[in-house]
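All remarks here apply to the structure that follows.
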Amino acid sequence: MFLLEFDHDSVREPSEKQVADLAATSEMNLRYGYFETRIFIAATGFEAERMKSPLLDFVHCALLAAQAVSHGQPGRISFTESSLLIEFLPSGEELTVLRSWDPVPGSCAAIDFLESVLRFSVDALKSIGERHPDFRRNAYHETLSRMIEEVEPAPGR
């Protein structure tokens, strides 16, 4: 089992200036300066944890981790604002989930991880796009959409 969700009601709304710049602002601004939220993560072996993070940065890092895992490689989610790290180590069809702040490992099926990351990422883009349609015109929206398309959950699925 793997769970990755965000609290839609906790997404911090951008300032008026940020909203005005939403279609043209840089990837870095969107990743680190917009849409901070509470994110929940859980796997077999550890209870759901809550953490705060800029939503689009977490989406970006989770998609990179999913791309690596879908190719049988280790994946990781690192946090720019801290030294926290979540690693996903493949062993066949299973993943070991390691969190830098807790020695208790978790596990999940690789397909559960990939599908959860895809749901999380699509939900994040949709939620932000519905609340702030100008976000869809930003080049970074297209970058994230392409990253979503590049994640392969499993052959034949």
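Letters A, B, ... mark the chains of the structure tokens in the order given; residue numbers begin at 1 per chain; ligand numbers begin at 1, in order shown.
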
Using only C-alpha atoms, which protein or nucleic acid residues come within 12 Å of segment 126-132 of chain A? Drop anything in the same chain fewer than 6 positions from it, and give the result as a PDB file with N, CA and C atoms, in the first residue's frame.
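Below is the file that was written, selection.pdb:
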ATOM      1  N   PHE A   6      -2.703  15.368  -0.957  1.00  0.00           N
ATOM      2  CA  PHE A   6      -2.529  16.681  -0.355  1.00  0.00           C
ATOM      3  C   PHE A   6      -3.882  17.193   0.108  1.00  0.00           C
ATOM      4  N   ASP A   7      -3.839  18.063   1.087  1.00  0.00           N
ATOM      5  CA  ASP A   7      -5.048  18.659   1.657  1.00  0.00           C
ATOM      6  C   ASP A   7      -5.426  19.869   0.806  1.00  0.00           C
ATOM      7  N   HIS A   8      -6.457  19.710  -0.016  1.00  0.00           N
ATOM      8  CA  HIS A   8      -6.870  20.777  -0.929  1.00  0.00           C
ATOM      9  C   HIS A   8      -7.173  22.079  -0.188  1.00  0.00           C
ATOM     10  N   ASP A   9      -7.742  21.956   1.001  1.00  0.00           N
ATOM     11  CA  ASP A   9      -8.119  23.156   1.761  1.00  0.00           C
ATOM     12  C   ASP A   9      -6.928  23.877   2.371  1.00  0.00           C
ATOM     13  N   VAL A  11      -4.047  24.478   0.731  1.00  0.00           N
ATOM     14  CA  VAL A  11      -3.200  25.098  -0.293  1.00  0.00           C
ATOM     15  C   VAL A  11      -3.219  26.613  -0.094  1.00  0.00           C
ATOM     16  N   ARG A  12      -2.028  27.154   0.138  1.00  0.00           N
ATOM     17  CA  ARG A  12      -1.918  28.601   0.364  1.00  0.00           C
ATOM     18  C   ARG A  12      -2.161  29.342  -0.953  1.00  0.00           C
ATOM     19  N   GLU A  13      -3.082  30.262  -0.919  1.00  0.00           N
ATOM     20  CA  GLU A  13      -3.398  31.046  -2.112  1.00  0.00           C
ATOM     21  C   GLU A  13      -2.268  32.038  -2.400  1.00  0.00           C
ATOM     22  N   PRO A  14      -1.974  32.238  -3.686  1.00  0.00           N
ATOM     23  CA  PRO A  14      -0.936  33.203  -4.046  1.00  0.00           C
ATOM     24  C   PRO A  14      -1.414  34.638  -3.796  1.00  0.00           C
ATOM     25  N   SER A  15      -0.447  35.530  -3.668  1.00  0.00           N
ATOM     26  CA  SER A  15      -0.768  36.953  -3.500  1.00  0.00           C
ATOM     27  C   SER A  15      -1.350  37.494  -4.805  1.00  0.00           C
ATOM     28  N   GLU A  16      -1.905  38.713  -4.760  1.00  0.00           N
ATOM     29  CA  GLU A  16      -2.449  39.325  -5.972  1.00  0.00           C
ATOM     30  C   GLU A  16      -1.371  39.470  -7.044  1.00  0.00           C
ATOM     31  N   GLN A  18       1.341  37.615  -7.360  1.00  0.00           N
ATOM     32  CA  GLN A  18       1.651  36.281  -7.874  1.00  0.00           C
ATOM     33  C   GLN A  18       0.583  35.815  -8.865  1.00  0.00           C
ATOM     34  N   VAL A  19      -0.678  36.070  -8.565  1.00  0.00           N
ATOM     35  CA  VAL A  19      -1.762  35.690  -9.470  1.00  0.00           C
ATOM     36  C   VAL A  19      -1.609  36.418 -10.800  1.00  0.00           C
ATOM     37  N   ALA A  20      -1.275  37.704 -10.747  1.00  0.00           N
ATOM     38  CA  ALA A  20      -1.108  38.494 -11.972  1.00  0.00           C
ATOM     39  C   ALA A  20       0.038  37.961 -12.831  1.00  0.00           C
ATOM     40  N   ASP A  21       1.062  37.370 -12.199  1.00  0.00           N
ATOM     41  CA  ASP A  21       2.234  36.859 -12.916  1.00  0.00           C
ATOM     42  C   ASP A  21       2.155  35.370 -13.226  1.00  0.00           C
ATOM     43  N   LEU A  22       1.059  34.723 -12.889  1.00  0.00           N
ATOM     44  CA  LEU A  22       0.976  33.264 -12.935  1.00  0.00           C
ATOM     45  C   LEU A  22       1.265  32.670 -14.317  1.00  0.00           C
ATOM     46  N   ALA A  23       0.823  33.299 -15.363  1.00  0.00           N
ATOM     47  CA  ALA A  23       1.019  32.730 -16.701  1.00  0.00           C
ATOM     48  C   ALA A  23       2.476  32.810 -17.152  1.00  0.00           C
ATOM     49  N   LEU A  30       7.354  29.043  -9.368  1.00  0.00           N
ATOM     50  CA  LEU A  30       6.202  28.154  -9.160  1.00  0.00           C
ATOM     51  C   LEU A  30       6.536  27.003  -8.233  1.00  0.00           C
ATOM     52  N   TYR A  34       4.974  29.226  -4.620  1.00  0.00           N
ATOM     53  CA  TYR A  34       3.520  29.172  -4.765  1.00  0.00           C
ATOM     54  C   TYR A  34       2.968  27.891  -4.143  1.00  0.00           C
ATOM     55  N   PHE A  35       1.739  27.957  -3.699  1.00  0.00           N
ATOM     56  CA  PHE A  35       0.897  26.785  -3.388  1.00  0.00           C
ATOM     57  C   PHE A  35       1.463  25.841  -2.330  1.00  0.00           C
ATOM     58  N   GLU A  36       1.988  26.382  -1.241  1.00  0.00           N
ATOM     59  CA  GLU A  36       2.411  25.509  -0.145  1.00  0.00           C
ATOM     60  C   GLU A  36       1.175  24.811   0.416  1.00  0.00           C
ATOM     61  N   THR A  37       1.331  23.554   0.796  1.00  0.00           N
ATOM     62  CA  THR A  37       0.197  22.758   1.271  1.00  0.00           C
ATOM     63  C   THR A  37       0.663  21.668   2.226  1.00  0.00           C
ATOM     64  N   LEU A  55       3.559  22.584  -3.221  1.00  0.00           N
ATOM     65  CA  LEU A  55       2.908  21.486  -3.936  1.00  0.00           C
ATOM     66  C   LEU A  55       3.591  21.155  -5.261  1.00  0.00           C
ATOM     67  N   LEU A  56       3.903  22.166  -6.065  1.00  0.00           N
ATOM     68  CA  LEU A  56       4.462  21.877  -7.380  1.00  0.00           C
ATOM     69  C   LEU A  56       5.877  21.319  -7.291  1.00  0.00           C
ATOM     70  N   ARG A 119      -1.837   9.825  -9.782  1.00  0.00           N
ATOM     71  CA  ARG A 119      -3.087  10.416  -9.275  1.00  0.00           C
ATOM     72  C   ARG A 119      -2.809  11.739  -8.570  1.00  0.00           C
ATOM     73  N   PHE A 120      -1.801  11.736  -7.701  1.00  0.00           N
ATOM     74  CA  PHE A 120      -1.421  12.925  -6.944  1.00  0.00           C
ATOM     75  C   PHE A 120      -1.070  14.074  -7.893  1.00  0.00           C
ATOM     76  N   ASN A 138       1.085  28.717 -18.331  1.00  0.00           N
ATOM     77  CA  ASN A 138       2.497  28.782 -17.961  1.00  0.00           C
ATOM     78  C   ASN A 138       3.230  27.589 -18.580  1.00  0.00           C
ATOM     79  N   HIS A 141       3.482  24.327 -16.598  1.00  0.00           N
ATOM     80  CA  HIS A 141       2.330  23.422 -16.609  1.00  0.00           C
ATOM     81  C   HIS A 141       2.540  22.363 -17.690  1.00  0.00           C
ATOM     82  N   GLU A 142       2.998  22.780 -18.852  1.00  0.00           N
ATOM     83  CA  GLU A 142       3.272  21.838 -19.943  1.00  0.00           C
ATOM     84  C   GLU A 142       4.405  20.887 -19.568  1.00  0.00           C
ATOM     85  N   LEU A 144       5.236  19.822 -16.552  1.00  0.00           N
ATOM     86  CA  LEU A 144       4.707  18.817 -15.621  1.00  0.00           C
ATOM     87  C   LEU A 144       3.772  17.846 -16.321  1.00  0.00           C
ATOM     88  N   SER A 145       2.967  18.323 -17.251  1.00  0.00           N
ATOM     89  CA  SER A 145       2.064  17.449 -18.005  1.00  0.00           C
ATOM     90  C   SER A 145       2.863  16.412 -18.795  1.00  0.00           C
TER      91      SER A 145
END

> DSSP says strand (DSSP E or B) for which residues of segment 28-142 of chain A? Put them as a VMD selection string?
Replying inline: chain A and resid 36 to 44 46 to 54 75 to 78 85 to 91 94 to 99 102 to 109

- In segment 25-126 of chain A, what's alpha helix (DSSP H) per DSSP? Answer as an MDAnalysis selection string? chainID A and resid 27:33 55:70 110:126

Margin query: Env of Met28 of chain A: 12 Å cut, atoms = only C-alpha atoms, seq-sep filter 3 positions within chain, self excluded. Answer as a ChimeraX atom specification.
Written below: /A:24-25,31-34,54,56-57,60,80,139-140

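Taking atom CA of Phe40 of chain A and atom CA of Glu152 of chain A as endpoints, the distance between them is 22.9 Å.
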
Give me, as number ranges by chain, all polymer residues having an atom no more than 7 Å from Ala110 of chain A, counting only C-alpha atoms and skipping those fewer than 5 positions away in the same chain.
A: 93-95

So the first atom is atom CA of Val69 of chain A and the second is atom CA of Leu84 of chain A; what is the distance between them in Å, to one decimal place?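 The value is 19.4 Å.
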
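In terms of minimum interatomic distance to Val151 of chain A, A:Ala65 ranks closest within A:Leu89, A:Val59, A:Ala109, A:Ala65, counting only C-alpha atoms.
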
note - atom CA of Val117 of chain A and atom CA of Leu63 of chain A are separated by 6.7 Å

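Each of A:Ser82, A:Ser53, A:Ser100, A:Thr44 was compared to Phe2 of chain A using only C-alpha atoms, and A:Thr44 turns out to be the nearest.
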
Using only C-alpha atoms, the shortest atom-to-atom distance to Phe58 of chain A among A:Phe113, A:Phe135, A:Phe79, A:Trp101 belongs to A:Phe79

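Residue neighbourhood of Ala62 of chain A, excluding near-sequence residues (fewer than 5 positions): Leu4, Leu56, Asp57, Gln67, Ala68, Gly75, Arg76, Ile77, Ser78, Ile86, Phe113, Leu114, Ser116, Val117, Leu118, Phe120 and Ser121 of chain A, at 10 Å, using only C-alpha atoms.
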